[in-house]
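Q: Structure file upload07.tsv (TSV, C-alpha atoms) is given on the next line.
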```tsv
chain	number	residue	atom	x	y	z
A	1	MET	CA	75.46	116.40	99.81
A	2	THR	CA	76.55	116.29	96.17
A	3	ALA	CA	79.91	117.56	94.91
A	4	ASP	CA	78.13	120.53	93.30
A	5	ALA	CA	76.53	121.46	96.62
A	6	GLN	CA	80.00	121.47	98.20
A	7	GLY	CA	81.22	124.05	95.70
A	8	PRO	CA	84.39	123.95	93.61
A	9	ALA	CA	86.38	122.04	96.27
A	10	GLY	CA	83.87	119.20	96.25
A	11	ILE	CA	83.85	119.09	92.46
A	12	ILE	CA	87.65	119.03	92.32
A	13	GLU	CA	87.97	116.32	94.98
A	14	ALA	CA	85.32	114.16	93.32
A	15	ALA	CA	86.98	114.61	89.91
A	16	LEU	CA	90.40	113.67	91.29
A	17	ALA	CA	88.92	110.59	92.98
A	18	ASP	CA	87.14	109.56	89.75
A	19	LEU	CA	90.42	109.98	87.85
A	20	GLY	CA	92.25	107.88	90.43
A	21	LEU	CA	94.71	110.69	91.15
A	22	SER	CA	96.18	111.09	94.60
A	23	TYR	CA	96.81	114.60	95.84
A	24	GLU	CA	97.89	116.68	98.78
A	25	SER	CA	95.72	119.48	100.08
A	26	PRO	CA	97.80	121.75	102.32
A	27	ARG	CA	94.88	124.13	102.78
A	28	PRO	CA	91.21	124.17	101.78
A	29	GLY	CA	90.74	124.63	98.04
A	30	ALA	CA	94.41	123.94	97.15
A	31	TYR	CA	95.40	120.63	95.58
A	32	LEU	CA	98.84	119.41	94.52
A	33	ILE	CA	98.61	116.55	92.02
A	34	LYS	CA	101.46	114.48	90.58
A	35	LEU	CA	100.84	113.71	86.90
A	36	ALA	CA	103.01	110.85	85.63
A	37	GLY	CA	104.41	111.19	82.11
A	38	GLN	CA	106.63	109.34	79.68
A	39	HIS	CA	109.21	112.04	78.87
A	40	LYS	CA	108.84	114.31	81.89
A	41	LEU	CA	108.41	111.65	84.52
A	42	ALA	CA	106.35	113.82	86.88
A	43	THR	CA	104.55	117.11	86.45
A	44	MET	CA	103.57	118.55	89.80
A	45	THR	CA	100.37	120.51	89.26
A	46	TRP	CA	98.49	122.89	91.53
A	47	LEU	CA	94.75	123.46	91.34
A	48	VAL	CA	93.82	126.36	93.60
A	49	ALA	CA	90.21	127.48	93.97
A	50	GLY	CA	90.06	131.17	94.78
A	51	ALA	CA	87.10	133.43	95.43
A	52	HIS	CA	86.29	133.84	91.73
A	53	SER	CA	88.50	131.51	89.71
A	54	LEU	CA	90.42	128.26	89.60
A	55	HIS	CA	94.17	128.75	89.17
A	56	VAL	CA	96.21	125.99	87.50
A	57	GLU	CA	99.99	125.94	87.73
A	58	ALA	CA	102.62	123.32	86.90
A	59	PHE	CA	106.40	123.61	86.87
A	60	PHE	CA	107.77	122.74	83.41
A	61	CYS	CA	111.54	123.38	83.65
A	62	ARG	CA	114.11	125.82	84.96
A	63	GLN	CA	115.39	128.67	82.83
A	64	PRO	CA	117.51	127.45	79.92
A	65	ASP	CA	121.29	127.45	80.08
A	66	GLU	CA	121.69	128.37	76.41
A	67	ASN	CA	119.90	129.14	73.19
A	68	HIS	CA	117.39	131.38	74.97
A	69	ALA	CA	115.74	132.92	71.92
A	70	ARG	CA	115.06	129.56	70.21
A	71	PHE	CA	113.97	127.98	73.50
A	72	TYR	CA	111.40	130.69	74.30
A	73	ARG	CA	110.26	130.92	70.66
A	74	PHE	CA	109.62	127.16	70.69
A	75	LEU	CA	107.36	127.57	73.72
A	76	LEU	CA	105.59	130.67	72.42
A	77	GLU	CA	104.82	129.02	69.08
A	78	ARG	CA	102.90	126.32	70.94
A	79	GLY	CA	100.77	128.87	72.80
A	80	ALA	CA	98.30	129.48	69.97
A	81	ARG	CA	97.37	125.79	69.92
A	82	MET	CA	97.01	125.28	73.67
A	83	TYR	CA	93.81	124.94	75.67
A	84	GLY	CA	93.31	126.01	79.27
A	85	VAL	CA	96.96	126.71	80.11
A	86	HIS	CA	99.91	128.46	78.50
A	87	PHE	CA	103.65	128.65	79.04
A	88	ALA	CA	104.73	131.47	81.35
A	89	LEU	CA	107.91	132.60	83.09
A	90	ASP	CA	108.54	133.47	86.70
A	91	PRO	CA	110.92	136.35	87.59
A	92	LEU	CA	113.93	133.98	87.41
A	93	GLY	CA	113.02	132.77	83.90
A	94	ASP	CA	111.82	129.34	85.05
A	95	VAL	CA	108.98	127.99	82.91
A	96	TYR	CA	105.51	127.03	84.13
A	97	LEU	CA	102.22	126.02	82.59
A	98	VAL	CA	99.56	128.33	84.01
A	99	GLY	CA	95.88	128.96	83.48
A	100	ARG	CA	92.77	130.34	85.10
A	101	LEU	CA	89.09	129.58	84.64
A	102	SER	CA	85.96	130.89	86.24
A	103	LEU	CA	84.56	128.88	89.12
A	104	GLY	CA	81.36	128.47	87.10
A	105	SER	CA	83.38	126.47	84.56
A	106	VAL	CA	84.65	123.98	87.14
A	107	THR	CA	83.17	120.58	86.36
A	108	ALA	CA	84.59	117.08	86.63
A	109	ALA	CA	84.90	116.95	82.83
A	110	GLU	CA	86.74	120.28	82.75
A	111	ILE	CA	89.15	119.20	85.52
A	112	ASP	CA	89.87	116.03	83.52
A	113	ARG	CA	90.40	118.05	80.32
A	114	LEU	CA	92.60	120.62	82.06
A	115	LEU	CA	94.83	118.05	83.77
A	116	GLY	CA	95.06	116.12	80.50
A	117	CYS	CA	96.23	119.28	78.75
A	118	VAL	CA	98.82	120.01	81.44
A	119	LEU	CA	100.19	116.48	81.17
A	120	SER	CA	100.17	116.47	77.37
A	121	TYR	CA	101.82	119.89	76.97
A	122	SER	CA	104.42	119.09	79.60
A	123	ASP	CA	105.24	115.60	78.38
A	124	ASP	CA	105.04	116.24	74.62
A	125	ASN	CA	107.30	119.32	74.69
A	126	PHE	CA	109.80	118.33	77.37
A	127	ASP	CA	112.49	116.56	75.34
A	128	ALA	CA	112.53	119.19	72.58
A	129	ALA	CA	112.71	122.02	75.14
A	130	LEU	CA	115.59	120.35	76.96
A	131	GLU	CA	117.45	119.79	73.72
A	132	LEU	CA	117.09	123.47	72.82
A	133	GLY	CA	117.94	124.94	76.21
A	134	PHE	CA	120.25	122.39	77.82
A	135	ALA	CA	122.14	120.52	75.05
A	136	SER	CA	125.61	121.34	76.40
A	137	SER	CA	124.67	120.24	79.92
A	138	ILE	CA	123.13	117.02	78.59
A	139	ARG	CA	126.29	116.24	76.60
A	140	LYS	CA	128.46	116.85	79.68
A	141	GLU	CA	126.22	114.70	81.85
A	142	TRP	CA	126.25	111.91	79.25
A	143	ALA	CA	130.06	111.97	79.03
A	144	TRP	CA	130.45	112.04	82.82
A	145	ARG	CA	128.08	109.12	83.35
A	146	ALA	CA	129.55	107.08	80.48
A	147	LYS	CA	133.09	107.60	81.79
A	148	ARG	CA	132.07	106.40	85.27
A	149	GLY	CA	129.88	103.55	84.00
A	150	GLU	CA	126.76	105.21	85.43
A	151	ASN	CA	123.22	104.54	84.21
A	152	LEU	CA	122.23	106.51	81.08
A	153	ASP	CA	118.57	105.42	80.91
A	154	ASN	CA	117.01	108.81	81.64
A	155	LEU	CA	119.22	110.43	78.98
A	156	ARG	CA	118.41	107.95	76.16
A	157	ALA	CA	116.01	110.40	74.50
A	158	PHE	CA	119.05	112.60	73.81
A	159	ALA	CA	121.42	109.90	72.55
A	160	ARG	CA	121.25	111.13	68.93
A	161	PHE	CA	123.16	114.30	69.90
A	162	ALA	CA	124.70	113.45	73.29
A	163	GLU	CA	126.36	110.12	72.59
A	164	PRO	CA	129.79	110.59	71.02
A	165	GLY	CA	130.05	109.23	67.50
A	166	PRO	CA	133.11	107.73	65.76
A	167	ALA	CA	134.38	111.21	64.84
A	168	ASP	CA	134.35	112.20	68.53
A	169	ALA	CA	136.37	109.21	69.74
```
Please re-express this file's structure in structure tokens.

A:
Amino acid sequence: MTADAQGPAGIIEAALADLGLSYESPRPGAYLIKLAGQHKLATMTWLVAGAHSLHVEAFFCRQPDENHARFYRFLLERGARMYGVHFALDPLGDVYLVGRLSLGSVTAAEIDRLLGCVLSYSDDNFDAALELGFASSIRKEWAWRAKRGENLDNLRAFARFAEPGPADA
């Protein structure tokens, strides 16, 4: 039986295997995939085949601590250039990438394109979003780690504004 004959689930499973992506499937038609990035180290992404459509959802980040208007504007401005998914908020203000396509559109190439978009949008926008919405927390974390001699590697992308300069010493 070919993947097409198995329906959307077969197409999705075959596409994930071809892409070399491991996944969990807690129930038929639902797949949780870990997409590895450079800036956002992991983007956990759901593909859920429903009766009429494929739902895509990936957690991006929690609601911002500060600078809400600029943070959300930054995300909204990207929306017009995005394919397949868009930024959305849950009731708490946490940010997700979400999308939906008809089951007739589900092909291996489209799964590849969709997951590539999720990874790209998540990874490419992560540092800038964190800088806008979490700068004070990042500065505090940097200072705390530096004072204790803790590892700063995962904060290096924010060194230009988090690391104290000569005027701060």

Q: Would you be able to write out as a list of chain:residue names which residues have an atom within 8 Å of (107.1, 128.4, 85.6) in the file's coordinates, counting all atoms listed in the file?

A: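 Residues close enough to count: A:Glu57, A:Ala58, A:Phe59, A:Phe60, A:Cys61, A:Arg62, A:Phe87, A:Ala88, A:Leu89, A:Asp90, A:Gly93, A:Asp94, A:Val95, A:Tyr96, A:Leu97, A:Val98.
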
Q: Dig up all the protein and nucleic acid residues within 8 Å of (97.1, 131.1, 90.1) in the file frame, using only C-alpha atoms, and format them as a list of chain:residue names.

A: A:Val48, A:Leu54, A:His55, A:Val56, A:Glu57, A:Val98, A:Gly99, A:Arg100

Q: I need the chosen residues saved as a compact mmCIF listing (two decimals), in the coordinates of the input, with C-alpha atoms.

A:
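What landed in part-v5.txt:
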```
# COMPACT_ATOMS: atom_id res chain seq x y z
CA VAL A 48 93.82 126.36 93.60
CA LEU A 54 90.42 128.26 89.60
CA HIS A 55 94.17 128.75 89.17
CA VAL A 56 96.21 125.99 87.50
CA GLU A 57 99.99 125.94 87.73
CA VAL A 98 99.56 128.33 84.01
CA GLY A 99 95.88 128.96 83.48
CA ARG A 100 92.77 130.34 85.10
```

Q: Pick out the residues sitting within 8 Å of A:Tyr23, and hand them over as a PyMOL selection string; count all atoms listed in the file, and ignore anything fewer than 6 positions along from it in its own chain.

A: chain A and resi 16+31-34

Q: Taking all atoms of stretch 30-43 of chain A that the file lists, what box with edges along x, y and z, padded by 6 Å per side, do you get, with centre and edge lengths in Å to one decimal, as lines of an AutoDock Vina configuration file?

A:
```
center_x = 101.8
center_y = 116.6
center_z = 88.0
size_x = 26.8
size_y = 26.6
size_z = 30.3
```

Q: Residues at most 12 Å from stretch 142-154 of chain A, counting all atoms listed in the file, excluding those fewer than 3 positions away in the same chain, as a list in words?

A: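 Those residues are Gln38, His39, Lys40, Leu41, Asp127, Ala135, Ser136, Ser137, Ile138, Arg139, Ala157, Phe158, Ala159, Arg160, Phe161, Ala162, Glu163, Pro164, Gly165, Asp168 and Ala169 of chain A.
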
Q: Report the distance between atom CA of A:Pro8 and atom CA of A:Gly37 in Å, rounded to one decimal place.

A: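 The value is 26.4 Å.
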
Q: Between atom CA of A:Ala129 and atom CA of A:Leu75, what is the distance, to one decimal in Å?

A: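 Going from atom CA of A:Ala129 over to atom CA of A:Leu75 covers 7.8 Å.
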
Q: Find the residue from A:Met44, A:Ala49, A:Tyr121, A:Asp65 that sits nearest to A:Arg27; use only C-alpha atoms when measuring.

A: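 Result for the nearest residue to A:Arg27: A:Ala49.
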
Q: Rank A:Ala30, A:Leu132, A:Ala15, A:Ala51 by their smallest atom-to-atom distance to A:Gly104, using all atoms listed in the file, and report the top residue only.

A: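 So, comparing all the options, the nearest one is A:Ala51.
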
Q: What is the atom CA of A:Asp18 to atom CA of A:Asp124 distance in Å?

A: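 Atom CA of A:Asp124 lies at a distance of 24.4 Å from atom CA of A:Asp18.
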